[in-house]
Amino acid sequence: MKILGILGSPRRDGNTAYLLEDLAKKLNKGNEVEIIFLKDYEISPCKECYYCVENDECSIKDDMQEMYKKLKETDVIILSSPIFMGGIASRLRAFMERTWHLRKGQLMGKIGSYIIVGRRDIGAGIHEMEEYLSRLKVKKIPGVIGYGLHKGDVKEDTEAMKDLSRLTNQIINS
Ligand SMILES: Cc1cc2nc3c(=O)[nH]c(=O)nc-3n(C[C@H](O)[C@H](O)[C@H](O)COP(=O)(O)O)c2cc1C
């Protein structure tokens with residue numbers, strides 16, 4: 001299986017990255033896992049030109065074009081983000097907006113899940129992730145929620161670590 005992990009945190013070594021890397025390690029055997037650190041890419045927000053409505057592709061020629069190819073080629077999509085001001089971090093939000101033209105079932109049959117890390121208020125982030133994966137019409141597997149503020153805090157979240165194993169098994173058995 002091909003597994004694509006999208007890292008929406010600005011910290012490459014933060015809590016979200018820790019959980020995503022751990023999932024990648026667990027899935028590495030026999031699978032092809034790639035992690036995309038969104039901070040390394042130029043991805044503008046949607047400019048609402050509606051070009052994609054007529055053309056089924058995005059008019060903005062930035063690094064998102066490479067992401068469309070990766071999304072179409074992968075079997076599993078794992079989105080990951082910290083919670084910032086009650087929702088998903090802006091880099092992942094821009095990525096999500098830019099996939100509007102992929103909502104017509106082009107990714108149907110793929111598996112989608114997510115990882116979210118916050119200090120305490122994460123409910124809206126879960127809703128955003130669930131809603132987004134529904135829009136993409138992928139097969140959803142419940143995501144993993146981690147709690148932490150400072151780098152490394154999430155390692156102490158034993159529930160999150162246990163839940164990563166559950167997600168790993170569900171992906172492998174899907
Ligand atoms: C700008 C900003 C806003 C934040 N807002 C929230 C919030 O609304 N709710 C929450 O639970 N945590 C919030 N946090 C805490 C982060 O979600 C938390 O530190 C998380 O572990 C960061 O993930 P990372 O280590 O992967 O970057 C915020 C942090 C920052 C920097």
# chains A, B, ... in the order shown; residues from 1 in each chain; ligands from 1

$ closest_atom_pairs --of "chain A" --to "ligand 1" --cutoff "9 Å" --atoms "only C-alpha atoms and all ligand atoms" --output "Markdown table"
| residue | atom | partner | partner_atom_place_in_ligand_line | distance |
| --- | --- | --- | --- | --- |
| A:Leu7 | CA | ligand 1 | 26 (O) | 8.6 |
| A:Gly8 | CA | ligand 1 | 26 (O) | 8.0 |
| A:Ser9 | CA | ligand 1 | 27 (O) | 4.9 |
| A:Pro10 | CA | ligand 1 | 27 (O) | 5.9 |
| A:Arg11 | CA | ligand 1 | 27 (O) | 4.8 |
| A:Arg12 | CA | ligand 1 | 26 (O) | 7.6 |
| A:Asp13 | CA | ligand 1 | 25 (O) | 7.1 |
| A:Gly14 | CA | ligand 1 | 25 (O) | 3.4 |
| A:Asn15 | CA | ligand 1 | 25 (O) | 3.7 |
| A:Thr16 | CA | ligand 1 | 26 (O) | 3.6 |
| A:Ala17 | CA | ligand 1 | 26 (O) | 5.7 |
| A:Tyr18 | CA | ligand 1 | 26 (O) | 7.6 |
| A:Leu19 | CA | ligand 1 | 26 (O) | 8.7 |
| A:Ser80 | CA | ligand 1 | 26 (O) | 8.6 |
| A:Ser81 | CA | ligand 1 | 26 (O) | 6.6 |
| A:Pro82 | CA | ligand 1 | 23 (O) | 4.3 |
| A:Ile83 | CA | ligand 1 | 17 (O) | 4.0 |
| A:Phe84 | CA | ligand 1 | 5 (N) | 3.5 |
| A:Met85 | CA | ligand 1 | 8 (O) | 3.4 |
| A:Gly86 | CA | ligand 1 | 8 (O) | 3.6 |
| A:Gly87 | CA | ligand 1 | 8 (O) | 6.5 |
| A:Ala89 | CA | ligand 1 | 3 (C) | 8.3 |
| A:Ile116 | CA | ligand 1 | 23 (O) | 8.3 |
| A:Val117 | CA | ligand 1 | 20 (C) | 5.3 |
| A:Gly118 | CA | ligand 1 | 17 (O) | 3.6 |
| A:Arg119 | CA | ligand 1 | 11 (O) | 3.5 |
| A:Arg120 | CA | ligand 1 | 11 (O) | 3.7 |
| A:Asp121 | CA | ligand 1 | 11 (O) | 4.0 |
| A:Ile122 | CA | ligand 1 | 11 (O) | 5.3 |
| A:Gly123 | CA | ligand 1 | 11 (O) | 8.9 |
| A:Gly146 | CA | ligand 1 | 21 (O) | 8.0 |
| A:Tyr147 | CA | ligand 1 | 21 (O) | 6.7 |
| A:Gly148 | CA | ligand 1 | 21 (O) | 4.5 |
| A:Leu149 | CA | ligand 1 | 19 (O) | 3.4 |
| A:His150 | CA | ligand 1 | 19 (O) | 5.5 |
| A:Lys151 | CA | ligand 1 | 25 (O) | 5.1 |
| A:Gly152 | CA | ligand 1 | 25 (O) | 7.4 |
| A:Asp153 | CA | ligand 1 | 21 (O) | 7.3 |
| A:Val154 | CA | ligand 1 | 21 (O) | 7.2 |

$ write_last_selection --atoms "N, CA and C atoms" --output "short mmCIF file (atom, residue, chain, number, x, y, z; two decimals), in the first residue's frame"
data_model
loop_
_atom_site.label_atom_id
_atom_site.label_comp_id
_atom_site.auth_asym_id
_atom_site.auth_seq_id
_atom_site.Cartn_x
_atom_site.Cartn_y
_atom_site.Cartn_z
N LEU A 7 1.64 16.60 6.95
CA LEU A 7 1.94 17.22 8.24
C LEU A 7 1.67 18.73 8.19
N GLY A 8 0.63 19.14 8.90
CA GLY A 8 0.21 20.54 8.85
C GLY A 8 0.80 21.43 9.93
N SER A 9 1.58 20.85 10.84
CA SER A 9 2.19 21.67 11.90
C SER A 9 3.38 22.45 11.36
N PRO A 10 3.61 23.66 11.89
CA PRO A 10 4.85 24.36 11.50
C PRO A 10 6.10 23.75 12.15
N ARG A 11 5.90 22.86 13.15
CA ARG A 11 7.05 22.24 13.83
C ARG A 11 7.28 20.84 13.26
N ARG A 12 8.48 20.66 12.68
CA ARG A 12 8.83 19.36 12.10
C ARG A 12 9.10 18.32 13.18
N ASP A 13 9.36 18.82 14.39
CA ASP A 13 9.69 17.91 15.49
C ASP A 13 8.73 18.10 16.67
N GLY A 14 7.53 18.54 16.37
CA GLY A 14 6.54 18.77 17.42
C GLY A 14 5.70 17.54 17.70
N ASN A 15 4.59 17.76 18.38
CA ASN A 15 3.73 16.66 18.81
C ASN A 15 3.01 15.96 17.67
N THR A 16 2.52 16.76 16.73
CA THR A 16 1.81 16.18 15.59
C THR A 16 2.77 15.32 14.77
N ALA A 17 3.97 15.88 14.55
CA ALA A 17 4.99 15.15 13.79
C ALA A 17 5.34 13.84 14.51
N TYR A 18 5.41 13.90 15.83
CA TYR A 18 5.78 12.70 16.59
C TYR A 18 4.76 11.57 16.34
N LEU A 19 3.49 11.92 16.41
CA LEU A 19 2.45 10.89 16.21
C LEU A 19 2.44 10.39 14.76
N SER A 80 -2.74 15.50 9.21
CA SER A 80 -2.39 15.74 10.61
C SER A 80 -2.18 17.22 10.85
N SER A 81 -2.63 17.65 12.04
CA SER A 81 -2.53 19.08 12.35
C SER A 81 -2.62 19.31 13.85
N PRO A 82 -1.94 20.35 14.31
CA PRO A 82 -2.25 20.83 15.67
C PRO A 82 -3.52 21.68 15.60
N ILE A 83 -4.10 21.94 16.75
CA ILE A 83 -5.23 22.86 16.82
C ILE A 83 -4.69 24.25 17.11
N PHE A 84 -5.03 25.17 16.24
CA PHE A 84 -4.66 26.58 16.43
C PHE A 84 -5.94 27.41 16.48
N MET A 85 -6.12 28.11 17.56
CA MET A 85 -7.31 28.97 17.72
C MET A 85 -8.61 28.21 17.40
N GLY A 86 -8.69 27.03 17.94
CA GLY A 86 -9.93 26.26 17.86
C GLY A 86 -10.13 25.47 16.59
N GLY A 87 -9.18 25.48 15.66
CA GLY A 87 -9.39 24.72 14.42
C GLY A 87 -8.08 24.20 13.84
N ALA A 89 -4.75 23.97 11.62
CA ALA A 89 -3.72 24.98 11.31
C ALA A 89 -3.79 25.40 9.83
N ILE A 116 -4.81 14.66 15.27
CA ILE A 116 -4.96 16.03 15.76
C ILE A 116 -4.29 16.13 17.12
N VAL A 117 -3.56 17.21 17.34
CA VAL A 117 -2.99 17.45 18.68
C VAL A 117 -3.37 18.84 19.16
N GLY A 118 -3.81 18.91 20.39
CA GLY A 118 -4.15 20.21 20.98
C GLY A 118 -3.86 20.18 22.45
N ARG A 119 -4.00 21.34 23.05
CA ARG A 119 -3.78 21.42 24.49
C ARG A 119 -5.06 21.03 25.23
N ARG A 120 -6.20 21.51 24.72
CA ARG A 120 -7.46 21.14 25.39
C ARG A 120 -8.67 21.19 24.46
N ASP A 121 -8.84 22.24 23.64
CA ASP A 121 -10.09 22.40 22.90
C ASP A 121 -9.91 21.95 21.45
N ILE A 122 -10.32 20.73 21.17
CA ILE A 122 -10.00 20.17 19.85
C ILE A 122 -11.24 19.79 19.04
N GLY A 123 -12.43 19.96 19.66
CA GLY A 123 -13.65 19.45 19.05
C GLY A 123 -13.89 19.95 17.64
N GLY A 146 -4.41 13.59 20.19
CA GLY A 146 -3.35 13.67 21.20
C GLY A 146 -3.43 14.97 21.96
N TYR A 147 -3.00 14.91 23.21
CA TYR A 147 -3.00 16.13 24.03
C TYR A 147 -1.57 16.52 24.37
N GLY A 148 -1.29 17.82 24.22
CA GLY A 148 0.04 18.32 24.56
C GLY A 148 0.17 19.76 24.14
N LEU A 149 1.15 20.44 24.74
CA LEU A 149 1.42 21.83 24.39
C LEU A 149 2.86 21.95 23.90
N HIS A 150 3.81 21.60 24.75
CA HIS A 150 5.21 21.73 24.39
C HIS A 150 5.67 20.49 23.62
N LYS A 151 6.74 20.69 22.84
CA LYS A 151 7.31 19.58 22.08
C LYS A 151 7.51 18.35 22.95
N GLY A 152 7.05 17.22 22.51
CA GLY A 152 7.28 15.97 23.24
C GLY A 152 6.20 15.64 24.26
N ASP A 153 5.34 16.62 24.59
CA ASP A 153 4.29 16.36 25.59
C ASP A 153 3.44 15.14 25.24
N VAL A 154 3.17 15.00 23.94
CA VAL A 154 2.22 13.97 23.51
C VAL A 154 2.73 12.54 23.78
#

$ residues_around --residues "Asp163 in chain A" --least-positions-apart "5" --cutoff "12 Å" --atoms "only C-alpha atoms" --output "ChimeraX atom specification"
/A:19,22-23,114-115,141-146,157-158,168-170

$ write_last_selection --atoms "C-alpha atoms" --output "PDB file, in the first residue's frame"
ATOM      1  CA  LEU A  19       2.447  10.891  16.211  1.00  0.00           C
ATOM      2  CA  ASP A  22       5.213   6.880  14.882  1.00  0.00           C
ATOM      3  CA  LEU A  23       2.335   5.810  12.653  1.00  0.00           C
ATOM      4  CA  TYR A 114      -6.298  11.981  10.698  1.00  0.00           C
ATOM      5  CA  ILE A 115      -4.184  12.958  13.672  1.00  0.00           C
ATOM      6  CA  ILE A 141     -11.153   5.416   9.750  1.00  0.00           C
ATOM      7  CA  PRO A 142     -11.557   7.231  13.098  1.00  0.00           C
ATOM      8  CA  GLY A 143      -8.603   9.507  13.780  1.00  0.00           C
ATOM      9  CA  VAL A 144      -6.188   9.797  16.701  1.00  0.00           C
ATOM     10  CA  ILE A 145      -6.402  12.655  19.180  1.00  0.00           C
ATOM     11  CA  GLY A 146      -3.348  13.666  21.195  1.00  0.00           C
ATOM     12  CA  ASP A 157      -0.433  10.672  26.310  1.00  0.00           C
ATOM     13  CA  THR A 158      -0.747   6.913  26.651  1.00  0.00           C
ATOM     14  CA  THR A 168      -2.319   1.067  12.340  1.00  0.00           C
ATOM     15  CA  ASN A 169      -4.252  -2.210  12.606  1.00  0.00           C
ATOM     16  CA  GLN A 170      -7.323  -0.758  10.945  1.00  0.00           C
TER      17      GLN A 170
END

$ residues_around --residues "Glu66 in chain A" --least-positions-apart "4" --cutoff "12 Å" --atoms "only C-alpha atoms" --output "PyMOL selection string"
chain A and resi 36+38+41-43+58+60-62+70-73+95

$ select_by_dssp --residues "range 52-157 of chain A" --states "helix (DSSP H, G or I)" --output "mmCIF file with C-alpha atoms, in the first residue's frame"
data_model
loop_
_atom_site.group_PDB
_atom_site.id
_atom_site.type_symbol
_atom_site.label_atom_id
_atom_site.label_comp_id
_atom_site.auth_asym_id
_atom_site.auth_seq_id
_atom_site.Cartn_x
_atom_site.Cartn_y
_atom_site.Cartn_z
ATOM 1 C CA CYS A 52 -11.968 24.168 -11.329
ATOM 2 C CA VAL A 53 -15.740 23.970 -11.746
ATOM 3 C CA GLU A 54 -15.335 23.994 -15.527
ATOM 4 C CA ASN A 55 -11.924 22.365 -15.789
ATOM 5 C CA MET A 64 -0.278 21.869 -4.861
ATOM 6 C CA GLN A 65 -0.037 20.504 -8.406
ATOM 7 C CA GLU A 66 2.469 17.938 -7.088
ATOM 8 C CA MET A 67 0.070 17.128 -4.228
ATOM 9 C CA TYR A 68 -2.804 16.332 -6.614
ATOM 10 C CA LYS A 69 -0.614 13.682 -8.246
ATOM 11 C CA LYS A 70 0.348 12.227 -4.863
ATOM 12 C CA LEU A 71 -3.277 12.168 -3.686
ATOM 13 C CA LYS A 72 -4.397 10.317 -6.801
ATOM 14 C CA GLU A 73 -1.578 7.772 -6.554
ATOM 15 C CA SER A 90 -3.667 27.275 8.281
ATOM 16 C CA ARG A 91 -1.229 25.314 6.116
ATOM 17 C CA LEU A 92 -3.439 22.244 6.168
ATOM 18 C CA ARG A 93 -6.519 24.411 5.757
ATOM 19 C CA ALA A 94 -5.069 25.866 2.523
ATOM 20 C CA PHE A 95 -4.265 22.332 1.321
ATOM 21 C CA MET A 96 -7.861 21.279 2.017
ATOM 22 C CA GLU A 97 -9.404 24.253 0.212
ATOM 23 C CA TRP A 100 -12.284 21.328 -3.884
ATOM 24 C CA HIS A 101 -12.308 19.895 -7.404
ATOM 25 C CA LEU A 102 -11.499 16.425 -6.004
ATOM 26 C CA GLY A 123 -13.654 19.451 19.053
ATOM 27 C CA ALA A 124 -13.946 21.787 16.076
ATOM 28 C CA GLY A 125 -10.783 20.298 14.585
ATOM 29 C CA ILE A 126 -12.258 16.798 14.695
ATOM 30 C CA HIS A 127 -15.364 18.086 12.953
ATOM 31 C CA GLU A 128 -13.249 19.762 10.238
ATOM 32 C CA MET A 129 -11.287 16.586 9.560
ATOM 33 C CA GLU A 130 -14.400 14.383 9.498
ATOM 34 C CA GLU A 131 -16.239 16.801 7.242
ATOM 35 C CA TYR A 132 -13.302 17.083 4.869
ATOM 36 C CA LEU A 133 -12.871 13.314 4.511
ATOM 37 C CA SER A 134 -16.625 13.015 3.881
ATOM 38 C CA ARG A 135 -16.335 15.611 1.105
ATOM 39 C CA LEU A 136 -13.536 13.575 -0.481
ATOM 40 C CA ASP A 153 4.287 16.358 25.593
ATOM 41 C CA VAL A 154 2.222 13.966 23.509
ATOM 42 C CA LYS A 155 4.607 11.088 24.274
ATOM 43 C CA GLU A 156 3.061 11.066 27.767
#

$ atom_distance --atom1 "CA of Met108 in chain A" --atom2 "CA of Leu27 in chain A"
21.7 Å

$ closest_residue --among "A:Leu107, A:Asp40, A:Leu20, A:Gly30" --to "Leu167 in chain A" --atoms "only C-alpha atoms"
A:Leu20

$ closest_residue --among "A:Ala24, A:Ile88, A:Ile3, A:Cys46" --to "Gly112 in chain A" --atoms "only C-alpha atoms"
A:Ile3

$ atom_distance --atom1 "CA of Lys39 in chain A" --atom2 "CA of Glu159 in chain A"
28.1 Å

$ atom_distance --atom1 "CA of Asp75 in chain A" --atom2 "CA of Tyr50 in chain A"
27.9 Å

$ select_by_dssp --residues "chain A" --states "strand (DSSP E or B)" --output "PyMOL selection string"
chain A and resi 2-7+32-37+76-84+87-88+111-118+139-140+144-147

$ write_last_selection --atoms "C-alpha atoms" --output "compact mmCIF listing (two decimals), in the first residue's frame"
# COMPACT_ATOMS: atom_id res chain seq x y z
CA LYS A 2 1.01 3.59 -0.56
CA ILE A 3 0.45 5.79 2.47
CA LEU A 4 0.62 9.58 2.32
CA GLY A 5 0.95 11.53 5.57
CA ILE A 6 0.33 15.26 5.40
CA LEU A 7 1.94 17.22 8.24
CA GLU A 32 5.45 2.74 0.93
CA VAL A 33 5.06 5.62 3.36
CA GLU A 34 5.69 9.27 2.51
CA ILE A 35 5.36 12.26 4.82
CA ILE A 36 4.79 15.71 3.35
CA PHE A 37 5.82 18.59 5.63
CA VAL A 76 -4.19 5.93 2.25
CA ILE A 77 -4.34 9.62 3.18
CA ILE A 78 -3.47 10.67 6.74
CA LEU A 79 -4.02 14.33 7.52
CA SER A 80 -2.39 15.74 10.61
CA SER A 81 -2.53 19.08 12.35
CA PRO A 82 -2.25 20.83 15.67
CA ILE A 83 -5.23 22.86 16.82
CA PHE A 84 -4.66 26.58 16.43
CA GLY A 87 -9.39 24.72 14.42
CA ILE A 88 -7.03 23.14 11.92
CA ILE A 111 -8.73 5.30 2.95
CA GLY A 112 -8.63 8.52 4.94
CA SER A 113 -7.88 9.28 8.56
CA TYR A 114 -6.30 11.98 10.70
CA ILE A 115 -4.18 12.96 13.67
CA ILE A 116 -4.96 16.03 15.76
CA VAL A 117 -2.99 17.45 18.68
CA GLY A 118 -4.15 20.21 20.98
CA LYS A 139 -13.41 5.41 3.43
CA LYS A 140 -12.98 6.99 6.85
CA VAL A 144 -6.19 9.80 16.70
CA ILE A 145 -6.40 12.66 19.18
CA GLY A 146 -3.35 13.67 21.20
CA TYR A 147 -3.00 16.13 24.03
